[in-house]
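Note: the block below is coords-v7.cif and it holds mmCIF, C-alpha atoms.
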data_my_file
loop_
_atom_site.group_PDB
_atom_site.id
_atom_site.type_symbol
_atom_site.label_atom_id
_atom_site.label_comp_id
_atom_site.auth_asym_id
_atom_site.auth_seq_id
_atom_site.Cartn_x
_atom_site.Cartn_y
_atom_site.Cartn_z
ATOM 1 C CA MET A 227 -27.946 9.910 8.560
ATOM 2 C CA SER A 228 -27.469 11.754 5.279
ATOM 3 C CA VAL A 229 -25.837 9.513 2.671
ATOM 4 C CA ARG A 230 -24.437 10.293 -0.742
ATOM 5 C CA PRO A 231 -25.819 7.478 -2.953
ATOM 6 C CA ALA A 232 -23.640 5.492 -5.317
ATOM 7 C CA ALA A 233 -23.537 7.173 -8.733
ATOM 8 C CA VAL A 234 -21.530 4.771 -10.904
ATOM 9 C CA ALA A 235 -22.378 1.311 -9.540
ATOM 10 C CA GLY A 236 -23.206 -0.869 -12.521
ATOM 11 C CA LEU A 237 -21.101 1.365 -14.761
ATOM 12 C CA PHE A 238 -17.570 1.510 -13.365
ATOM 13 C CA TYR A 239 -17.937 -1.527 -11.121
ATOM 14 C CA PRO A 240 -20.563 -4.236 -10.422
ATOM 15 C CA ASP A 241 -23.780 -3.160 -8.706
ATOM 16 C CA ASP A 242 -24.530 -6.594 -7.227
ATOM 17 C CA PRO A 243 -23.000 -6.782 -3.718
ATOM 18 C CA GLU A 244 -21.797 -10.381 -3.969
ATOM 19 C CA THR A 245 -20.340 -9.895 -7.426
ATOM 20 C CA LEU A 246 -18.651 -6.661 -6.348
ATOM 21 C CA ALA A 247 -17.150 -8.228 -3.230
ATOM 22 C CA SER A 248 -15.793 -11.219 -5.134
ATOM 23 C CA THR A 249 -14.461 -8.989 -7.928
ATOM 24 C CA VAL A 250 -12.550 -6.787 -5.502
ATOM 25 C CA ASP A 251 -11.329 -9.737 -3.461
ATOM 26 C CA ASP A 252 -10.064 -11.486 -6.590
ATOM 27 C CA LEU A 253 -8.218 -8.343 -7.706
ATOM 28 C CA LEU A 254 -6.641 -7.970 -4.276
ATOM 29 C CA ALA A 255 -5.706 -11.634 -4.092
ATOM 30 C CA ALA A 256 -3.900 -11.375 -7.430
ATOM 31 C CA SER A 257 -1.861 -8.402 -6.191
ATOM 32 C CA PRO A 258 1.471 -8.957 -4.434
ATOM 33 C CA VAL A 259 1.486 -7.504 -0.928
ATOM 34 C CA GLY A 260 4.424 -5.279 0.015
ATOM 35 C CA ASP A 261 6.609 -5.553 3.069
ATOM 36 C CA ALA A 262 4.433 -4.792 6.100
ATOM 37 C CA SER A 263 7.332 -2.955 7.733
ATOM 38 C CA ALA A 264 7.127 -0.199 5.093
ATOM 39 C CA ALA A 265 3.671 1.074 6.009
ATOM 40 C CA PRO A 266 2.497 3.554 3.391
ATOM 41 C CA GLU A 267 1.401 6.994 4.526
ATOM 42 C CA ALA A 268 -0.059 7.691 1.082
ATOM 43 C CA LEU A 269 -1.169 5.873 -2.046
ATOM 44 C CA ILE A 270 -1.898 6.869 -5.625
ATOM 45 C CA ALA A 271 -4.394 4.671 -7.492
ATOM 46 C CA PRO A 272 -6.363 4.959 -10.763
ATOM 47 C CA HIS A 273 -10.119 5.432 -10.999
ATOM 48 C CA ALA A 274 -11.321 4.029 -14.327
ATOM 49 C CA GLY A 275 -13.749 1.145 -14.645
ATOM 50 C CA TYR A 276 -12.512 -1.969 -12.927
ATOM 51 C CA VAL A 277 -12.156 -3.880 -16.217
ATOM 52 C CA TYR A 278 -9.628 -1.249 -17.289
ATOM 53 C CA SER A 279 -7.751 -0.189 -14.153
ATOM 54 C CA GLY A 280 -8.989 -2.418 -11.345
ATOM 55 C CA ALA A 281 -5.888 -4.594 -11.310
ATOM 56 C CA THR A 282 -3.625 -1.544 -11.045
ATOM 57 C CA ALA A 283 -5.753 0.013 -8.313
ATOM 58 C CA ALA A 284 -5.616 -3.271 -6.419
ATOM 59 C CA LEU A 285 -1.808 -3.086 -6.342
ATOM 60 C CA ALA A 286 -2.112 0.007 -4.157
ATOM 61 C CA HIS A 287 -4.983 -1.178 -2.001
ATOM 62 C CA ALA A 288 -3.415 -4.598 -1.360
ATOM 63 C CA THR A 289 -0.696 -2.864 0.661
ATOM 64 C CA LEU A 290 -3.344 -1.994 3.262
ATOM 65 C CA ARG A 291 -4.518 -5.474 4.217
ATOM 66 C CA PRO A 292 -1.486 -6.410 6.371
ATOM 67 C CA ARG A 293 -1.725 -3.102 8.257
ATOM 68 C CA ALA A 294 -5.445 -2.352 8.352
ATOM 69 C CA ASP A 295 -5.331 -1.892 12.121
ATOM 70 C CA ARG A 296 -2.977 1.084 11.707
ATOM 71 C CA VAL A 297 -5.375 3.182 9.600
ATOM 72 C CA ARG A 298 -7.837 5.351 11.515
ATOM 73 C CA ARG A 299 -9.159 7.345 8.562
ATOM 74 C CA VAL A 300 -8.549 7.830 4.844
ATOM 75 C CA LEU A 301 -8.063 11.293 3.406
ATOM 76 C CA LEU A 302 -9.379 10.668 -0.108
ATOM 77 C CA LEU A 303 -8.801 13.219 -2.870
ATOM 78 C CA GLY A 304 -9.542 13.126 -6.584
ATOM 79 C CA PRO A 305 -10.063 15.555 -9.451
ATOM 80 C CA ALA A 306 -13.396 17.120 -10.371
ATOM 81 C CA HIS A 307 -14.749 15.645 -13.618
ATOM 82 C CA ARG A 308 -18.361 16.854 -13.556
ATOM 83 C CA VAL A 309 -18.500 20.420 -12.242
ATOM 84 C CA TRP A 310 -16.181 23.393 -12.095
ATOM 85 C CA LEU A 311 -15.196 24.520 -8.631
ATOM 86 C CA ARG A 312 -12.634 26.710 -6.984
ATOM 87 C CA GLY A 313 -10.475 24.950 -4.422
ATOM 88 C CA LEU A 314 -11.453 21.684 -2.782
ATOM 89 C CA ALA A 315 -15.018 20.504 -2.194
ATOM 90 C CA ALA A 316 -16.153 18.686 0.934
ATOM 91 C CA PRO A 317 -19.577 17.020 1.194
ATOM 92 C CA SER A 318 -22.268 17.698 3.772
ATOM 93 C CA SER A 319 -23.213 14.009 3.923
ATOM 94 C CA GLU A 320 -22.366 11.672 6.782
ATOM 95 C CA GLY A 321 -21.687 8.658 4.582
ATOM 96 C CA PHE A 322 -21.007 7.485 1.025
ATOM 97 C CA ALA A 323 -22.949 4.446 -0.194
ATOM 98 C CA THR A 324 -21.766 1.593 -2.373
ATOM 99 C CA PRO A 325 -23.465 -1.773 -2.980
ATOM 100 C CA LEU A 326 -21.334 -3.073 -0.065
ATOM 101 C CA GLY A 327 -22.827 -0.616 2.438
ATOM 102 C CA VAL A 328 -22.164 2.890 3.702
ATOM 103 C CA VAL A 329 -18.669 4.265 4.246
ATOM 104 C CA PRO A 330 -18.792 6.766 7.134
ATOM 105 C CA VAL A 331 -17.494 10.295 6.618
ATOM 106 C CA ASP A 332 -15.201 11.682 9.295
ATOM 107 C CA ARG A 333 -17.182 14.821 10.038
ATOM 108 C CA ALA A 334 -14.802 15.876 12.819
ATOM 109 C CA ALA A 335 -11.886 15.871 10.383
ATOM 110 C CA LEU A 336 -13.874 17.946 7.903
ATOM 111 C CA GLU A 337 -14.618 20.422 10.675
ATOM 112 C CA CYS A 338 -10.869 20.748 11.198
ATOM 113 C CA LEU A 339 -10.548 21.740 7.543
ATOM 114 C CA ALA A 340 -13.482 24.140 7.561
ATOM 115 C CA GLY A 341 -11.293 27.115 8.445
ATOM 116 C CA LEU A 342 -9.062 26.672 5.396
ATOM 117 C CA PRO A 343 -10.025 29.158 2.674
ATOM 118 C CA GLN A 344 -9.488 26.632 -0.127
ATOM 119 C CA VAL A 345 -12.072 24.196 1.300
ATOM 120 C CA SER A 346 -15.822 24.658 0.832
ATOM 121 C CA VAL A 347 -18.920 22.456 1.033
ATOM 122 C CA ARG A 348 -20.136 21.541 -2.463
ATOM 123 C CA ASP A 349 -22.441 18.540 -2.643
ATOM 124 C CA ASP A 350 -22.888 19.079 -6.380
ATOM 125 C CA ALA A 351 -19.199 18.326 -6.881
ATOM 126 C CA HIS A 352 -19.679 14.916 -5.258
ATOM 127 C CA ALA A 353 -23.085 13.921 -6.643
ATOM 128 C CA ALA A 354 -21.965 12.342 -9.942
ATOM 129 C CA GLU A 355 -18.205 12.175 -9.360
ATOM 130 C CA HIS A 356 -16.629 8.764 -9.957
ATOM 131 C CA ALA A 357 -13.017 9.462 -8.961
ATOM 132 C CA LEU A 358 -13.618 8.974 -5.250
ATOM 133 C CA GLU A 359 -16.427 6.434 -5.459
ATOM 134 C CA VAL A 360 -14.506 3.754 -7.335
ATOM 135 C CA GLN A 361 -11.946 3.602 -4.513
ATOM 136 C CA LEU A 362 -14.575 2.889 -1.862
ATOM 137 C CA PRO A 363 -15.240 -0.835 -2.506
ATOM 138 C CA PHE A 364 -11.495 -1.457 -2.259
ATOM 139 C CA LEU A 365 -11.378 0.417 1.041
ATOM 140 C CA GLN A 366 -14.397 -1.487 2.322
ATOM 141 C CA ARG A 367 -12.770 -4.841 1.567
ATOM 142 C CA THR A 368 -9.399 -3.866 3.054
ATOM 143 C CA LEU A 369 -10.227 -1.502 5.927
ATOM 144 C CA GLY A 370 -13.844 -2.296 6.775
ATOM 145 C CA GLU A 371 -15.681 0.685 8.251
ATOM 146 C CA VAL A 372 -12.734 3.070 8.530
ATOM 147 C CA PRO A 373 -14.101 6.580 7.842
ATOM 148 C CA ILE A 374 -13.106 8.733 4.897
ATOM 149 C CA VAL A 375 -12.440 12.443 4.448
ATOM 150 C CA PRO A 376 -13.605 12.878 0.829
ATOM 151 C CA LEU A 377 -12.484 15.945 -1.120
ATOM 152 C CA VAL A 378 -12.957 16.731 -4.788
ATOM 153 C CA VAL A 379 -10.178 18.949 -6.137
ATOM 154 C CA GLY A 380 -11.015 21.621 -8.684
ATOM 155 C CA ASP A 381 -9.217 24.820 -9.638
ATOM 156 C CA ALA A 382 -6.593 24.748 -6.907
ATOM 157 C CA SER A 383 -2.841 24.804 -6.514
ATOM 158 C CA SER A 384 -0.589 22.023 -5.322
ATOM 159 C CA VAL A 385 0.315 24.267 -2.374
ATOM 160 C CA GLU A 386 -3.350 24.490 -1.378
ATOM 161 C CA VAL A 387 -3.712 20.719 -1.544
ATOM 162 C CA ALA A 388 -0.531 20.249 0.476
ATOM 163 C CA GLY A 389 -1.967 22.567 3.128
ATOM 164 C CA VAL A 390 -4.979 20.290 3.503
ATOM 165 C CA LEU A 391 -2.780 17.198 3.785
ATOM 166 C CA ALA A 392 -0.605 18.877 6.394
ATOM 167 C CA ALA A 393 -3.664 19.859 8.433
ATOM 168 C CA LEU A 394 -4.544 16.185 8.879
ATOM 169 C CA ASP A 395 -1.027 14.827 9.270
ATOM 170 C CA ASP A 396 -1.115 12.175 11.969
ATOM 171 C CA ALA A 397 -0.068 8.575 12.292
ATOM 172 C CA GLY A 398 -3.555 7.192 11.718
ATOM 173 C CA THR A 399 -4.388 9.082 8.522
ATOM 174 C CA LEU A 400 -3.785 7.451 5.149
ATOM 175 C CA VAL A 401 -3.754 9.769 2.125
ATOM 176 C CA LEU A 402 -5.243 8.256 -1.031
ATOM 177 C CA ILE A 403 -4.994 10.205 -4.297
ATOM 178 C CA SER A 404 -7.310 8.960 -7.034
ATOM 179 C CA SER A 405 -5.953 9.757 -10.489
ATOM 180 C CA ASP A 406 -5.554 8.309 -13.941
ATOM 181 C CA LEU A 407 -2.539 9.324 -16.013
ATOM 182 C CA SER A 408 -2.402 10.441 -19.675
ATOM 183 C CA HIS A 409 -5.630 10.496 -21.681
ATOM 184 C CA TYR A 410 -6.431 9.494 -25.270
ATOM 185 C CA HIS A 411 -2.995 9.299 -26.819
ATOM 186 C CA ALA A 412 -1.771 6.478 -29.037
ATOM 187 C CA TYR A 413 -0.314 3.576 -27.074
ATOM 188 C CA GLU A 414 3.405 4.306 -27.511
ATOM 189 C CA ALA A 415 2.972 8.051 -26.960
ATOM 190 C CA ALA A 416 1.053 7.318 -23.772
ATOM 191 C CA ARG A 417 3.800 4.993 -22.574
ATOM 192 C CA ARG A 418 6.371 7.766 -22.968
ATOM 193 C CA LEU A 419 4.186 10.351 -21.245
ATOM 194 C CA ASP A 420 3.365 8.022 -18.357
ATOM 195 C CA ALA A 421 7.004 7.044 -17.936
ATOM 196 C CA ASP A 422 7.843 10.736 -17.538
ATOM 197 C CA THR A 423 5.028 11.147 -15.023
ATOM 198 C CA ALA A 424 6.315 8.155 -13.072
ATOM 199 C CA VAL A 425 9.757 9.745 -12.862
ATOM 200 C CA ALA A 426 8.211 13.013 -11.648
ATOM 201 C CA ILE A 427 6.262 11.203 -8.935
ATOM 202 C CA GLU A 428 9.241 9.138 -7.829
ATOM 203 C CA SER A 429 11.406 12.269 -7.791
ATOM 204 C CA LEU A 430 8.753 14.102 -5.739
ATOM 205 C CA ASP A 431 8.804 16.832 -8.391
ATOM 206 C CA PRO A 432 5.371 18.448 -8.858
ATOM 207 C CA ASP A 433 6.814 21.021 -11.261
ATOM 208 C CA ALA A 434 7.476 18.232 -13.763
ATOM 209 C CA LEU A 435 3.753 17.478 -14.022
ATOM 210 C CA ASP A 436 1.654 19.185 -16.689
ATOM 211 C CA ALA A 437 -1.835 18.954 -18.134
ATOM 212 C CA ASP A 438 -0.929 15.808 -20.101
ATOM 213 C CA SER A 439 0.463 14.031 -17.040
ATOM 214 C CA ALA A 440 -2.672 13.094 -15.129
ATOM 215 C CA CYS A 441 -6.250 14.200 -14.559
ATOM 216 C CA GLY A 442 -5.335 14.361 -10.864
ATOM 217 C CA ARG A 443 -2.182 16.379 -11.476
ATOM 218 C CA VAL A 444 -3.050 18.945 -8.787
ATOM 219 C CA PRO A 445 -3.803 16.505 -5.934
ATOM 220 C CA ILE A 446 -0.756 14.458 -6.930
ATOM 221 C CA GLY A 447 1.329 17.628 -6.894
ATOM 222 C CA GLY A 448 0.066 18.504 -3.439
ATOM 223 C CA LEU A 449 0.947 15.033 -2.213
ATOM 224 C CA LEU A 450 4.472 15.331 -3.637
ATOM 225 C CA LEU A 451 5.006 18.623 -1.807
ATOM 226 C CA GLU A 452 3.749 17.078 1.414
ATOM 227 C CA ALA A 453 5.882 13.973 0.830
ATOM 228 C CA ARG A 454 8.956 16.172 0.646
ATOM 229 C CA ARG A 455 8.030 17.785 3.956
ATOM 230 C CA ARG A 456 7.498 14.427 5.637
ATOM 231 C CA GLY A 457 10.545 12.755 4.096
ATOM 232 C CA LEU A 458 8.601 10.094 2.218
ATOM 233 C CA ARG A 459 9.773 7.995 -0.706
ATOM 234 C CA ALA A 460 7.511 7.002 -3.621
ATOM 235 C CA THR A 461 7.636 3.388 -4.773
ATOM 236 C CA ARG A 462 6.080 2.357 -8.072
ATOM 237 C CA LEU A 463 3.698 -0.578 -7.765
ATOM 238 C CA GLY A 464 2.458 -0.727 -11.332
ATOM 239 C CA LEU A 465 2.198 1.208 -14.595
ATOM 240 C CA CYS A 466 0.077 0.337 -17.621
ATOM 241 C CA SER A 467 -2.723 1.656 -19.822
ATOM 242 C CA SER A 468 -6.120 0.649 -21.118
ATOM 243 C CA GLY A 469 -4.256 -0.674 -24.154
ATOM 244 C CA ASP A 470 -2.723 -3.312 -21.881
ATOM 245 C CA THR A 471 -6.061 -4.391 -20.424
ATOM 246 C CA THR A 472 -9.267 -4.378 -22.456
ATOM 247 C CA GLY A 473 -9.148 -1.256 -24.597
ATOM 248 C CA PRO A 474 -7.928 -0.428 -28.116
ATOM 249 C CA ARG A 475 -4.463 1.031 -28.612
ATOM 250 C CA ASP A 476 -5.244 4.099 -30.705
ATOM 251 C CA ARG A 477 -6.655 6.143 -27.777
ATOM 252 C CA VAL A 478 -5.553 4.889 -24.385
ATOM 253 C CA VAL A 479 -5.721 6.069 -20.771
ATOM 254 C CA GLY A 480 -2.733 5.535 -18.520
ATOM 255 C CA TYR A 481 -2.889 3.990 -15.036
ATOM 256 C CA GLY A 482 -0.315 3.899 -12.297
ATOM 257 C CA ALA A 483 -0.092 2.929 -8.633
ATOM 258 C CA TRP A 484 2.388 4.170 -6.045
ATOM 259 C CA ALA A 485 2.951 3.810 -2.324
ATOM 260 C CA LEU A 486 4.643 6.598 -0.378
ATOM 261 C CA ALA A 487 6.337 5.658 2.872
ATOM 262 C CA ARG A 488 9.227 6.657 5.102
ATOM 263 C CA PRO A 489 12.503 5.021 4.050
ATOM 264 C CA ASP A 490 13.649 2.130 6.237
#
Written as structure tokens, that's how I'd like the structure from this file.
Amino acid sequence: MSVRPAAVAGLFYPDDPETLASTVDDLLAASPVGDASAAPEALIAPHAGYVYSGATAALAHATLRPRADRVRRVLLLGPAHRVWLRGLAAPSSEGFATPLGVVPVDRAALECLAGLPQVSVRDDAHAAEHALEVQLPFLQRTLGEVPIVPLVVGDASSVEVAGVLAALDDAGTLVLISSDLSHYHAYEAARRLDADTAVAIESLDPDALDADSACGRVPIGGLLLEARRRGLRATRLGLCSSGDTTGPRDRVVGYGAWALARPD
């Protein structure tokens, strides 16, 4: 079995398995769980170090615990931070490792995407990328061994991302977009920018997102297009910045969490 090794354990989150499990469990336990009748089809969660954004990420992941038996796979997308690439990058590996074990990759689902021109196999895009990896311990503690479909998004359009989401649209697939919000603005400026981004997400308006909105602007935009097609509604779970957690307030990074589900 070919496995992509953990790249940021000990940096973004604890590398000791027991410490990591208890850290994630504590974050989840502190997060209010939403109404189980409103099962999310998609989530947006941040991907900074757990001391900065772990509590916000947990708000999204906590919605999965009451309905873990409904999720057959997780379509996990996040922006490319380390390498430039055109389109979306899939891995060749069969699993992604964390200190908690190996998360299986749904190779059959990736084969279904292989015919899409915007999807290619680029292991270099995954090797040092943190955006997807930091979500995995949360998924392991909420969903167990549910497989993932991991895709790093580079120079692509929201329409291309939406096409990938539509290709794997079924009742058992959860979409998880990994994205932070504004980067390195002063605290009050970041609050205004992130409030505008929140409105864009909740209005399902990808055209209202720009380069200052989020590092994962393109995968978020693709999700918003797909949410329109499916008739989903975005519910805000949390919104803050590193200035609210453990960072200084002169250069902050914004974090938000949303659940997208069909209206009751």
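Of the residues under consideration (A:Gly447, A:Pro363, A:Gly313, A:Gly473), A:Gly473 shows the shortest atom-to-atom contact distance to Ala412 (chain A) when counting all atoms listed in the file.
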Give me the region 331-419 of chain A side of the contact with region 474-478 of chain A, cut-off 10 Å, one line per residue showing its nearest atom pair and distance in Å at one decimal, counting only C-alpha atoms, sorted by chain and residue number, as JSON lines.
{"residue": "A:Leu407", "atom": "CA", "partner": "A:Val478", "partner_atom": "CA", "distance": 9.9}
{"residue": "A:Ser408", "atom": "CA", "partner": "A:Val478", "partner_atom": "CA", "distance": 7.9}
{"residue": "A:His409", "atom": "CA", "partner": "A:Val478", "partner_atom": "CA", "distance": 6.2}
{"residue": "A:Tyr410", "atom": "CA", "partner": "A:Arg477", "partner_atom": "CA", "distance": 4.2}
{"residue": "A:His411", "atom": "CA", "partner": "A:Arg477", "partner_atom": "CA", "distance": 4.9}
{"residue": "A:Ala412", "atom": "CA", "partner": "A:Asp476", "partner_atom": "CA", "distance": 4.5}
{"residue": "A:Tyr413", "atom": "CA", "partner": "A:Arg475", "partner_atom": "CA", "distance": 5.1}
{"residue": "A:Glu414", "atom": "CA", "partner": "A:Arg475", "partner_atom": "CA", "distance": 8.6}
{"residue": "A:Ala415", "atom": "CA", "partner": "A:Val478", "partner_atom": "CA", "distance": 9.5}
{"residue": "A:Ala416", "atom": "CA", "partner": "A:Val478", "partner_atom": "CA", "distance": 7.1}
{"residue": "A:Arg417", "atom": "CA", "partner": "A:Val478", "partner_atom": "CA", "distance": 9.5}
Please write the residues from the selection above to a file, keeping C-alpha atoms, as a compact mmCIF listing (two decimals), keeping the file's coordinate frame.
# COMPACT_ATOMS: atom_id res chain seq x y z
CA LEU A 407 -2.54 9.32 -16.01
CA SER A 408 -2.40 10.44 -19.68
CA HIS A 409 -5.63 10.50 -21.68
CA TYR A 410 -6.43 9.49 -25.27
CA HIS A 411 -3.00 9.30 -26.82
CA ALA A 412 -1.77 6.48 -29.04
CA TYR A 413 -0.31 3.58 -27.07
CA GLU A 414 3.40 4.31 -27.51
CA ALA A 415 2.97 8.05 -26.96
CA ALA A 416 1.05 7.32 -23.77
CA ARG A 417 3.80 4.99 -22.57
Measuring atom to atom with all atoms listed in the file, identify which of A:Pro330, A:Gly448, A:Gly370, A:Pro231 is nearest to His352 (chain A).
-> A:Pro231
Run the PyMOL selection byres ((chain A and resi 322-327) around 10) mentally over the shown coordinates, then write out the matched residues as a PyMOL selection string, using the chain letters and numbers from the document.
-> chain A and resi 228-236+239-247+317+319-321+328-331+352+358-360+362-363+366-367+371+373-374+376
Could you tell me which of A:Arg488, A:Ser318, A:Ser384, A:Leu463 comes closest to Val259 (chain A) if we count only C-alpha atoms?
->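 Using only C-alpha atoms, Val259 (chain A) sits closest to A:Leu463.
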CA of Asp422 (chain A) and CA of Arg454 (chain A) are how many Å apart?
->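 Taking CA of Asp422 (chain A) as the start and CA of Arg454 (chain A) as the end point, the length is 19.0 Å.
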CA of Ala353 (chain A) to CA of Gly280 (chain A): how many Å, to one decimal?
->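 Distance between the two atoms: 22.1 Å.
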Step by step, work through what the PyMOL selection byres ((chain A and resi 441) around 7) selects in the shown file, and finish by giving those residues as number ranges by chain.
-> A: 305, 405-407, 440, 442-443
Atoms are missing here; could region 334-352 of chain A be completed with N, CA and C atoms and written as a PDB file, keeping the file's coordinate frame?
ATOM      1  N   ALA A 334     -15.695  15.104  11.954  1.00  0.00           N
ATOM      2  CA  ALA A 334     -14.802  15.876  12.819  1.00  0.00           C
ATOM      3  C   ALA A 334     -13.574  16.344  12.047  1.00  0.00           C
ATOM      4  N   ALA A 335     -13.041  15.477  11.184  1.00  0.00           N
ATOM      5  CA  ALA A 335     -11.886  15.871  10.383  1.00  0.00           C
ATOM      6  C   ALA A 335     -12.261  16.980   9.405  1.00  0.00           C
ATOM      7  N   LEU A 336     -13.448  16.885   8.816  1.00  0.00           N
ATOM      8  CA  LEU A 336     -13.874  17.946   7.903  1.00  0.00           C
ATOM      9  C   LEU A 336     -14.065  19.264   8.640  1.00  0.00           C
ATOM     10  N   GLU A 337     -14.507  19.198   9.885  1.00  0.00           N
ATOM     11  CA  GLU A 337     -14.618  20.422  10.675  1.00  0.00           C
ATOM     12  C   GLU A 337     -13.251  21.057  10.899  1.00  0.00           C
ATOM     13  N   CYS A 338     -12.230  20.221  11.037  1.00  0.00           N
ATOM     14  CA  CYS A 338     -10.869  20.748  11.198  1.00  0.00           C
ATOM     15  C   CYS A 338     -10.402  21.492   9.958  1.00  0.00           C
ATOM     16  N   LEU A 339     -10.940  21.104   8.800  1.00  0.00           N
ATOM     17  CA  LEU A 339     -10.548  21.740   7.543  1.00  0.00           C
ATOM     18  C   LEU A 339     -11.417  22.940   7.195  1.00  0.00           C
ATOM     19  N   ALA A 340     -12.502  23.120   7.931  1.00  0.00           N
ATOM     20  CA  ALA A 340     -13.482  24.140   7.561  1.00  0.00           C
ATOM     21  C   ALA A 340     -12.905  25.547   7.579  1.00  0.00           C
ATOM     22  N   GLY A 341     -11.880  25.786   8.375  1.00  0.00           N
ATOM     23  CA  GLY A 341     -11.293  27.115   8.445  1.00  0.00           C
ATOM     24  C   GLY A 341     -10.316  27.430   7.330  1.00  0.00           C
ATOM     25  N   LEU A 342      -9.985  26.436   6.500  1.00  0.00           N
ATOM     26  CA  LEU A 342      -9.062  26.672   5.396  1.00  0.00           C
ATOM     27  C   LEU A 342      -9.806  27.340   4.245  1.00  0.00           C
ATOM     28  N   PRO A 343      -9.282  28.429   3.705  1.00  0.00           N
ATOM     29  CA  PRO A 343     -10.025  29.158   2.674  1.00  0.00           C
ATOM     30  C   PRO A 343     -10.221  28.381   1.383  1.00  0.00           C
ATOM     31  N   GLN A 344      -9.368  27.387   1.124  1.00  0.00           N
ATOM     32  CA  GLN A 344      -9.488  26.632  -0.127  1.00  0.00           C
ATOM     33  C   GLN A 344     -10.523  25.508  -0.048  1.00  0.00           C
ATOM     34  N   VAL A 345     -11.106  25.283   1.122  1.00  0.00           N
ATOM     35  CA  VAL A 345     -12.072  24.196   1.300  1.00  0.00           C
ATOM     36  C   VAL A 345     -13.470  24.775   1.475  1.00  0.00           C
ATOM     37  N   SER A 346     -14.425  24.254   0.709  1.00  0.00           N
ATOM     38  CA  SER A 346     -15.822  24.658   0.832  1.00  0.00           C
ATOM     39  C   SER A 346     -16.707  23.423   0.748  1.00  0.00           C
ATOM     40  N   VAL A 347     -17.959  23.553   1.124  1.00  0.00           N
ATOM     41  CA  VAL A 347     -18.920  22.456   1.033  1.00  0.00           C
ATOM     42  C   VAL A 347     -19.651  22.575  -0.302  1.00  0.00           C
ATOM     43  N   ARG A 348     -19.511  21.551  -1.135  1.00  0.00           N
ATOM     44  CA  ARG A 348     -20.136  21.541  -2.463  1.00  0.00           C
ATOM     45  C   ARG A 348     -20.642  20.134  -2.745  1.00  0.00           C
ATOM     46  N   ASP A 349     -21.881  19.858  -2.379  1.00  0.00           N
ATOM     47  CA  ASP A 349     -22.441  18.540  -2.643  1.00  0.00           C
ATOM     48  C   ASP A 349     -22.571  18.259  -4.134  1.00  0.00           C
ATOM     49  N   ASP A 350     -22.757  19.301  -4.944  1.00  0.00           N
ATOM     50  CA  ASP A 350     -22.888  19.079  -6.380  1.00  0.00           C
ATOM     51  C   ASP A 350     -21.603  18.530  -6.985  1.00  0.00           C
ATOM     52  N   ALA A 351     -20.466  18.854  -6.383  1.00  0.00           N
ATOM     53  CA  ALA A 351     -19.199  18.326  -6.881  1.00  0.00           C
ATOM     54  C   ALA A 351     -19.066  16.834  -6.623  1.00  0.00           C
ATOM     55  N   HIS A 352     -19.755  16.334  -5.627  1.00  0.00           N
ATOM     56  CA  HIS A 352     -19.679  14.916  -5.258  1.00  0.00           C
ATOM     57  C   HIS A 352     -20.774  14.070  -5.901  1.00  0.00           C
TER      58      HIS A 352
END
